[in-house]
Amino acid sequence: MNRVLDRIGLPRNLVWGYIGLVLFMVGDGVEQGWISPWLVSRGVTVSDTAALITVYGVTVAIAAWFSGVLVQTMGPRKVMFLALAAFLIGSVGFIGFGVTSLNWPVMLVFYAIRGLGYPLFAYSFLTWINYSAPLERRGLAAGWFWFMFSLGLSVIGPFYSSLALPAFGHIAVLWTGVAFVIVGALVATIANRATVPSEEIHPFSARELSKAVTLIGRPTISIGLLVKTINGLAQYGLPVFMPIYLASFGYTTTEWLQMWSLVFTVAIFANLFFGYVGDKIGWRRTIGWVGGVAYSVVLVAVFLAPHLIGHDVALMTVVLCLCGVTMAGFVPLSALFPLLAPDNKGAAMSVLNLGAGLSAFVAPALAGLFFGWLGAGGVLGIYAGFYLLSAILTPFLKTPAEKASTDAAPASRDEPIPVNN
């Protein structure tokens with residue numbers, strides 16, 4: 001078994017953590033596809049439902065931002081247990097006292113608390129990977145993280161809901177999600193016996209926590225934050241306007257949803273592929289050429305395809321799935337980022353996670369600002385321009401060791417690890 005794990009690049013010391021991550025994200029994702037319409041069908045207004053999801057998104061972003069620096073001061077297991085506690089408190093309040101009686105203030109408060117759970121859990125484990133996985137295969141280890149994360153949240157969770165809702169009903173499915181989370185958390189923290197080097201854990205203090213903010217002042221980290229924010233623009237932006245754009249060529253909303261779901265099915269496998277490729281040809285090279293240049297070309301193709309092929313679901317699906325392929329080019333960024341601040345790896349991961357949260361705000365904002373003025377082509381062009389910008393910025397993501405070295409060979413070869421290997 002160990003030989004198989006080594007061959008596929010799944011760190012053997014963390015394998016139970018990966019399994020626990022899948023189970024946790026299944027439980028967290030059971031309601032993602034139906035919570036809003038279900039609440040509206042029960043009499044909650046659309047504006048209140050939108051506010052609920054917005055507040056949830058804010059707490060997710062905050063938890064993601066501080067997850068890495070909390071790991072740096074508390075260790076990953078403690079933070080993951082804290083995540084479990086937040087999820088359980090939020091779920092008991094939201095399901096047991098809020099949703100059953102449609103008590104709006106209770107729903108709002110406890111769903112926000114529930115939102116602290118998954119980013120603290122998942123991104124703490126991602127930080128753990130960067131502390132424990134072999135450096136020369138850390139890109140593939142990060143690819144496995146995103147594979148398991150998406151498999152639970154975006155594939156198994158919604159599929160389980162589609163089978164369980166007719167059999168058990170909405171409230172019961174929410175409770176079964178809690179069961180998945182409990183089992184996943186225990187597997188990832190107790191069955192997983194990997195350890196973090198003691199020198200990586202700093203004493204807990206306000207100064208250490210503040211590094212999640214102050215570290216952004218380092219030029220390399222701020223550039224990395226911008227690259228990570230660009231990473232998610234198309235992922236969060238296309239759903240805002242692409243259904244409208246494609247409808248003018250005869251595509252239905254159902255067809256769009258089916259095509260978009262296939263994009264992420266392709267992406268979870270592409271995550272593994274480009275994690276492996278990044279370890280072989282260089283992390284920055286993979287991020288810049290696949291995530292930056294290739295993604296920008298794909299976005300232009302997404303705009304042109306309906307004009308050239310009309311209403312052809314099969315071909316349009318192929319074109320859109322190229323988004324899933326190229327978005328995976330950013331996978332090595334999760335491995336590279338903590339090496340940009342080796343003295344504060346946890347805080348660096350916090351900044352990385354902040355970039356992911358900013359994408360969710362910036363992408364829809366750009367679509368809202370420019371779609372009415374420039375149309376889909378204009379918005380896609382703006383997104384493509386940003387991805388080209390990320391390709392230009394990526395070579396500047398040099399580690400301190402690379403900057404200090406007088407030997408330019410490692411940097412020019414763009415090795416997947418910082419120096420001399």
# chains A, B, ... in the order shown; residues from 1 in each chain; ligands from 1
>>> residues_around(residues="Leu82 (chain A)", least_positions_apart="2", cutoff="12 Å", atoms="only C-alpha atoms", output="PDB file with N, CA, C and O atoms, in the first residue's frame")
ATOM      1  N   ALA A  63     -12.530  33.294   8.509  1.00  0.00           N
ATOM      2  CA  ALA A  63     -11.920  32.064   9.015  1.00  0.00           C
ATOM      3  C   ALA A  63     -10.791  31.592   8.106  1.00  0.00           C
ATOM      4  O   ALA A  63      -9.742  31.138   8.577  1.00  0.00           O
ATOM      5  N   SER A  67      -6.865  31.111   9.307  1.00  0.00           N
ATOM      6  CA  SER A  67      -6.640  29.688   9.558  1.00  0.00           C
ATOM      7  C   SER A  67      -5.155  29.351   9.645  1.00  0.00           C
ATOM      8  O   SER A  67      -4.717  28.640  10.558  1.00  0.00           O
ATOM      9  N   LEU A  70      -3.409  30.709  12.802  1.00  0.00           N
ATOM     10  CA  LEU A  70      -3.845  29.958  13.983  1.00  0.00           C
ATOM     11  C   LEU A  70      -3.105  28.628  14.070  1.00  0.00           C
ATOM     12  O   LEU A  70      -2.710  28.195  15.160  1.00  0.00           O
ATOM     13  N   VAL A  71      -2.922  27.971  12.931  1.00  0.00           N
ATOM     14  CA  VAL A  71      -2.142  26.731  12.916  1.00  0.00           C
ATOM     15  C   VAL A  71      -0.716  27.013  13.375  1.00  0.00           C
ATOM     16  O   VAL A  71      -0.106  26.226  14.116  1.00  0.00           O
ATOM     17  N   MET A  74      -1.165  27.430  17.250  1.00  0.00           N
ATOM     18  CA  MET A  74      -1.861  26.419  18.038  1.00  0.00           C
ATOM     19  C   MET A  74      -1.582  24.995  17.577  1.00  0.00           C
ATOM     20  O   MET A  74      -1.832  24.040  18.323  1.00  0.00           O
ATOM     21  N   GLY A  75      -1.093  24.847  16.348  1.00  0.00           N
ATOM     22  CA  GLY A  75      -0.950  23.522  15.773  1.00  0.00           C
ATOM     23  C   GLY A  75      -2.221  23.136  15.035  1.00  0.00           C
ATOM     24  O   GLY A  75      -3.325  23.575  15.391  1.00  0.00           O
ATOM     25  N   PRO A  76      -2.125  22.309  13.981  1.00  0.00           N
ATOM     26  CA  PRO A  76      -3.287  22.025  13.141  1.00  0.00           C
ATOM     27  C   PRO A  76      -4.399  21.259  13.851  1.00  0.00           C
ATOM     28  O   PRO A  76      -5.577  21.520  13.615  1.00  0.00           O
ATOM     29  N   ARG A  77      -4.056  20.305  14.727  1.00  0.00           N
ATOM     30  CA  ARG A  77      -5.109  19.512  15.372  1.00  0.00           C
ATOM     31  C   ARG A  77      -6.034  20.381  16.212  1.00  0.00           C
ATOM     32  O   ARG A  77      -7.253  20.240  16.166  1.00  0.00           O
ATOM     33  N   LYS A  78      -5.456  21.273  17.004  1.00  0.00           N
ATOM     34  CA  LYS A  78      -6.280  22.131  17.858  1.00  0.00           C
ATOM     35  C   LYS A  78      -7.203  23.014  17.032  1.00  0.00           C
ATOM     36  O   LYS A  78      -8.368  23.217  17.380  1.00  0.00           O
ATOM     37  N   VAL A  79      -6.673  23.549  15.938  1.00  0.00           N
ATOM     38  CA  VAL A  79      -7.505  24.423  15.095  1.00  0.00           C
ATOM     39  C   VAL A  79      -8.610  23.609  14.427  1.00  0.00           C
ATOM     40  O   VAL A  79      -9.750  24.078  14.297  1.00  0.00           O
ATOM     41  N   MET A  80      -8.310  22.384  14.009  1.00  0.00           N
ATOM     42  CA  MET A  80      -9.321  21.538  13.381  1.00  0.00           C
ATOM     43  C   MET A  80     -10.397  21.125  14.386  1.00  0.00           C
ATOM     44  O   MET A  80     -11.577  21.013  14.034  1.00  0.00           O
ATOM     45  N   LEU A  84     -14.375  21.995  14.255  1.00  0.00           N
ATOM     46  CA  LEU A  84     -15.469  21.059  14.532  1.00  0.00           C
ATOM     47  C   LEU A  84     -16.443  21.657  15.540  1.00  0.00           C
ATOM     48  O   LEU A  84     -17.668  21.570  15.369  1.00  0.00           O
ATOM     49  N   ALA A  85     -15.903  22.272  16.595  1.00  0.00           N
ATOM     50  CA  ALA A  85     -16.769  22.885  17.603  1.00  0.00           C
ATOM     51  C   ALA A  85     -17.639  23.983  17.002  1.00  0.00           C
ATOM     52  O   ALA A  85     -18.846  24.069  17.276  1.00  0.00           O
ATOM     53  N   ALA A  86     -17.039  24.840  16.165  1.00  0.00           N
ATOM     54  CA  ALA A  86     -17.803  25.917  15.525  1.00  0.00           C
ATOM     55  C   ALA A  86     -18.896  25.350  14.638  1.00  0.00           C
ATOM     56  O   ALA A  86     -20.038  25.845  14.640  1.00  0.00           O
ATOM     57  N   PHE A  87     -18.562  24.304  13.875  1.00  0.00           N
ATOM     58  CA  PHE A  87     -19.560  23.704  12.989  1.00  0.00           C
ATOM     59  C   PHE A  87     -20.702  23.086  13.792  1.00  0.00           C
ATOM     60  O   PHE A  87     -21.877  23.232  13.428  1.00  0.00           O
ATOM     61  N   LEU A  88     -20.377  22.403  14.896  1.00  0.00           N
ATOM     62  CA  LEU A  88     -21.419  21.761  15.704  1.00  0.00           C
ATOM     63  C   LEU A  88     -22.317  22.800  16.379  1.00  0.00           C
ATOM     64  O   LEU A  88     -23.544  22.664  16.368  1.00  0.00           O
ATOM     65  N   ILE A  89     -21.706  23.826  16.960  1.00  0.00           N
ATOM     66  CA  ILE A  89     -22.516  24.880  17.596  1.00  0.00           C
ATOM     67  C   ILE A  89     -23.414  25.552  16.564  1.00  0.00           C
ATOM     68  O   ILE A  89     -24.608  25.771  16.790  1.00  0.00           O
ATOM     69  N   ILE A 113     -21.921  31.251  12.365  1.00  0.00           N
ATOM     70  CA  ILE A 113     -20.988  30.461  13.178  1.00  0.00           C
ATOM     71  C   ILE A 113     -20.630  29.170  12.450  1.00  0.00           C
ATOM     72  O   ILE A 113     -19.460  28.755  12.435  1.00  0.00           O
ATOM     73  N   ARG A 114     -21.608  28.545  11.840  1.00  0.00           N
ATOM     74  CA  ARG A 114     -21.363  27.324  11.064  1.00  0.00           C
ATOM     75  C   ARG A 114     -20.347  27.589   9.947  1.00  0.00           C
ATOM     76  O   ARG A 114     -19.532  26.731   9.611  1.00  0.00           O
ATOM     77  N   LEU A 116     -17.751  29.305  10.015  1.00  0.00           N
ATOM     78  CA  LEU A 116     -16.365  29.291  10.484  1.00  0.00           C
ATOM     79  C   LEU A 116     -15.742  27.906  10.367  1.00  0.00           C
ATOM     80  O   LEU A 116     -14.516  27.766  10.345  1.00  0.00           O
ATOM     81  N   GLY A 117     -16.591  26.884  10.293  1.00  0.00           N
ATOM     82  CA  GLY A 117     -16.121  25.507  10.410  1.00  0.00           C
ATOM     83  C   GLY A 117     -15.220  25.032   9.295  1.00  0.00           C
ATOM     84  O   GLY A 117     -14.061  24.674   9.525  1.00  0.00           O
ATOM     85  N   TYR A 118     -15.753  25.016   8.046  1.00  0.00           N
ATOM     86  CA  TYR A 118     -14.992  24.342   7.001  1.00  0.00           C
ATOM     87  C   TYR A 118     -13.675  25.028   6.632  1.00  0.00           C
ATOM     88  O   TYR A 118     -12.668  24.350   6.404  1.00  0.00           O
ATOM     89  N   PRO A 119     -13.592  26.378   6.583  1.00  0.00           N
ATOM     90  CA  PRO A 119     -12.283  26.955   6.247  1.00  0.00           C
ATOM     91  C   PRO A 119     -11.248  26.715   7.341  1.00  0.00           C
ATOM     92  O   PRO A 119     -10.075  26.474   7.034  1.00  0.00           O
ATOM     93  N   LEU A 120     -11.672  26.777   8.620  1.00  0.00           N
ATOM     94  CA  LEU A 120     -10.725  26.488   9.687  1.00  0.00           C
ATOM     95  C   LEU A 120     -10.238  25.047   9.598  1.00  0.00           C
ATOM     96  O   LEU A 120      -9.059  24.753   9.851  1.00  0.00           O
ATOM     97  N   PHE A 121     -11.121  24.144   9.231  1.00  0.00           N
ATOM     98  CA  PHE A 121     -10.754  22.734   9.142  1.00  0.00           C
ATOM     99  C   PHE A 121      -9.911  22.457   7.898  1.00  0.00           C
ATOM    100  O   PHE A 121      -8.788  21.951   7.988  1.00  0.00           O
ATOM    101  N   ALA A 122     -10.456  22.796   6.737  1.00  0.00           N
ATOM    102  CA  ALA A 122      -9.806  22.426   5.476  1.00  0.00           C
ATOM    103  C   ALA A 122      -8.486  23.158   5.283  1.00  0.00           C
ATOM    104  O   ALA A 122      -7.465  22.547   4.932  1.00  0.00           O
ATOM    105  N   SER A 124      -6.618  24.571   7.525  1.00  0.00           N
ATOM    106  CA  SER A 124      -5.639  24.146   8.522  1.00  0.00           C
ATOM    107  C   SER A 124      -4.946  22.869   8.061  1.00  0.00           C
ATOM    108  O   SER A 124      -3.731  22.700   8.243  1.00  0.00           O
ATOM    109  N   ALA A 185     -13.892  14.716  10.919  1.00  0.00           N
ATOM    110  CA  ALA A 185     -12.984  15.434  11.812  1.00  0.00           C
ATOM    111  C   ALA A 185     -12.191  14.467  12.687  1.00  0.00           C
ATOM    112  O   ALA A 185     -10.988  14.653  12.905  1.00  0.00           O
ATOM    113  N   THR A 189      -8.055  13.993  12.512  1.00  0.00           N
ATOM    114  CA  THR A 189      -7.260  14.481  13.637  1.00  0.00           C
ATOM    115  C   THR A 189      -6.751  13.380  14.556  1.00  0.00           C
ATOM    116  O   THR A 189      -5.677  13.527  15.162  1.00  0.00           O
TER     117      THR A 189
END
>>> residues_around(residues="region 30-38 of chain A", least_positions_apart="6", cutoff="7 Å", atoms="only C-alpha atoms", output="compact mmCIF listing (two decimals) with N, CA, C and O atoms, in the first residue's frame")
# COMPACT_ATOMS: atom_id res chain seq x y z
N THR A 49 -32.78 35.50 2.37
CA THR A 49 -31.96 34.35 2.01
C THR A 49 -30.60 34.80 1.49
O THR A 49 -29.56 34.23 1.84
N GLY A 157 -21.05 15.45 -1.99
CA GLY A 157 -22.05 16.11 -1.17
C GLY A 157 -23.36 16.37 -1.91
O GLY A 157 -24.43 15.93 -1.47
N PRO A 158 -23.33 17.06 -3.05
CA PRO A 158 -24.57 17.28 -3.80
C PRO A 158 -25.20 15.98 -4.31
O PRO A 158 -26.43 15.86 -4.33
N SER A 161 -27.02 14.38 -1.48
CA SER A 161 -28.27 15.11 -1.22
C SER A 161 -29.36 14.73 -2.22
O SER A 161 -30.52 14.60 -1.85
N LEU A 174 -29.73 17.60 6.68
CA LEU A 174 -28.83 18.52 7.37
C LEU A 174 -28.19 17.84 8.58
O LEU A 174 -26.98 17.99 8.83
N GLY A 177 -25.56 15.46 7.53
CA GLY A 177 -24.35 16.20 7.20
C GLY A 177 -23.48 16.42 8.42
O GLY A 177 -22.25 16.32 8.36
>>> residues_around(residues="Val69 (chain A)", least_positions_apart="4", cutoff="9 Å", atoms="only C-alpha atoms", output="MDAnalysis selection string")
chainID A and resid 65 73:74 208:212 344:350
>>> closest_residue(among="A:Gly378, A:Pro239, A:Gly282, A:Pro338", to="Leu126 (chain A)", atoms="only C-alpha atoms")
A:Pro338
>>> residues_around(residues="Ala367 (chain A)", least_positions_apart="2", cutoff="9 Å", atoms="only C-alpha atoms", output="count of residues only")
15
>>> residues_around(residues="Met148 (chain A)", least_positions_apart="6", cutoff="12 Å", atoms="only C-alpha atoms", output="ChimeraX atom specification")
/A:10,15-26,122,125-126,141-142,154-157,265,267-269,271-272
>>> residues_around(residues="Leu315 (chain A)", least_positions_apart="4", cutoff="12 Å", atoms="only C-alpha atoms", output="list of chain:residue names")
A:Met259, A:Ala301, A:Val302, A:Ala305, A:Pro306, A:Leu308, A:Ile309, A:Gly310, A:His311, A:Val319, A:Leu320, A:Cys321, A:Leu322
>>> decode(residues="region 112-125 of chain A", atoms="all heavy atoms", output="compact mmCIF listing (two decimals), in the first residue's frame")
# COMPACT_ATOMS: atom_id res chain seq x y z
N ALA A 112 -23.89 31.80 10.43
CA ALA A 112 -22.61 32.48 10.37
C ALA A 112 -21.55 31.73 11.17
O ALA A 112 -20.41 31.56 10.72
CB ALA A 112 -22.75 33.91 10.88
N ILE A 113 -21.92 31.25 12.36
CA ILE A 113 -20.99 30.46 13.18
C ILE A 113 -20.63 29.17 12.45
O ILE A 113 -19.46 28.75 12.43
CB ILE A 113 -21.60 30.16 14.56
CG1 ILE A 113 -21.80 31.45 15.34
CG2 ILE A 113 -20.72 29.17 15.34
CD1 ILE A 113 -22.55 31.27 16.65
N ARG A 114 -21.61 28.54 11.84
CA ARG A 114 -21.36 27.32 11.06
C ARG A 114 -20.35 27.59 9.95
O ARG A 114 -19.53 26.73 9.61
CB ARG A 114 -22.69 26.82 10.49
CG ARG A 114 -22.61 25.56 9.63
CD ARG A 114 -24.02 25.22 9.15
NE ARG A 114 -24.04 24.26 8.05
CZ ARG A 114 -24.46 23.00 8.14
NH1 ARG A 114 -24.89 22.56 9.30
NH2 ARG A 114 -24.46 22.21 7.09
N GLY A 115 -20.38 28.79 9.38
CA GLY A 115 -19.48 29.15 8.30
C GLY A 115 -18.02 29.21 8.71
O GLY A 115 -17.13 29.15 7.86
N LEU A 116 -17.75 29.30 10.02
CA LEU A 116 -16.36 29.29 10.48
C LEU A 116 -15.74 27.91 10.37
O LEU A 116 -14.52 27.77 10.34
CB LEU A 116 -16.30 29.74 11.95
CG LEU A 116 -16.76 31.16 12.27
CD1 LEU A 116 -16.84 31.36 13.78
CD2 LEU A 116 -15.81 32.19 11.66
N GLY A 117 -16.59 26.88 10.29
CA GLY A 117 -16.12 25.51 10.41
C GLY A 117 -15.22 25.03 9.29
O GLY A 117 -14.06 24.67 9.53
N TYR A 118 -15.75 25.02 8.05
CA TYR A 118 -14.99 24.34 7.00
C TYR A 118 -13.67 25.03 6.63
O TYR A 118 -12.67 24.35 6.40
CB TYR A 118 -15.87 24.06 5.76
CG TYR A 118 -15.75 25.03 4.63
CD1 TYR A 118 -14.62 25.04 3.81
CD2 TYR A 118 -16.77 25.92 4.33
CE1 TYR A 118 -14.51 25.92 2.74
CE2 TYR A 118 -16.67 26.81 3.27
CZ TYR A 118 -15.53 26.80 2.49
OH TYR A 118 -15.42 27.68 1.44
N PRO A 119 -13.59 26.38 6.58
CA PRO A 119 -12.28 26.95 6.25
C PRO A 119 -11.25 26.72 7.34
O PRO A 119 -10.08 26.47 7.03
CB PRO A 119 -12.58 28.45 6.05
CG PRO A 119 -13.88 28.69 6.71
CD PRO A 119 -14.64 27.41 6.64
N LEU A 120 -11.67 26.78 8.62
CA LEU A 120 -10.73 26.49 9.69
C LEU A 120 -10.24 25.05 9.60
O LEU A 120 -9.06 24.75 9.85
CB LEU A 120 -11.37 26.74 11.06
CG LEU A 120 -11.52 28.19 11.50
CD1 LEU A 120 -12.22 28.26 12.85
CD2 LEU A 120 -10.17 28.90 11.57
N PHE A 121 -11.12 24.14 9.23
CA PHE A 121 -10.75 22.73 9.14
C PHE A 121 -9.91 22.46 7.90
O PHE A 121 -8.79 21.95 7.99
CB PHE A 121 -12.01 21.87 9.11
CG PHE A 121 -11.74 20.40 9.14
CD1 PHE A 121 -11.63 19.72 10.33
CD2 PHE A 121 -11.58 19.69 7.96
CE1 PHE A 121 -11.36 18.35 10.37
CE2 PHE A 121 -11.31 18.33 7.96
CZ PHE A 121 -11.20 17.65 9.18
N ALA A 122 -10.46 22.80 6.74
CA ALA A 122 -9.81 22.43 5.48
C ALA A 122 -8.49 23.16 5.28
O ALA A 122 -7.46 22.55 4.93
CB ALA A 122 -10.75 22.71 4.30
N TYR A 123 -8.46 24.47 5.51
CA TYR A 123 -7.25 25.23 5.25
C TYR A 123 -6.19 24.99 6.32
O TYR A 123 -5.00 25.16 6.07
CB TYR A 123 -7.57 26.70 5.09
CG TYR A 123 -8.46 26.99 3.90
CD1 TYR A 123 -9.49 27.92 3.96
CD2 TYR A 123 -8.29 26.28 2.72
CE1 TYR A 123 -10.31 28.17 2.88
CE2 TYR A 123 -9.11 26.52 1.62
CZ TYR A 123 -10.12 27.46 1.70
OH TYR A 123 -10.93 27.68 0.62
N SER A 124 -6.62 24.57 7.53
CA SER A 124 -5.64 24.15 8.52
C SER A 124 -4.95 22.87 8.06
O SER A 124 -3.73 22.70 8.24
CB SER A 124 -6.32 23.92 9.87
OG SER A 124 -6.81 25.13 10.41
N PHE A 125 -5.72 21.97 7.46
CA PHE A 125 -5.11 20.75 6.95
C PHE A 125 -4.17 21.05 5.77
O PHE A 125 -3.11 20.43 5.64
CB PHE A 125 -6.18 19.74 6.53
CG PHE A 125 -5.60 18.44 6.04
CD1 PHE A 125 -4.84 17.64 6.87
CD2 PHE A 125 -5.81 18.02 4.74
CE1 PHE A 125 -4.29 16.44 6.42
CE2 PHE A 125 -5.28 16.83 4.28
CZ PHE A 125 -4.51 16.04 5.12
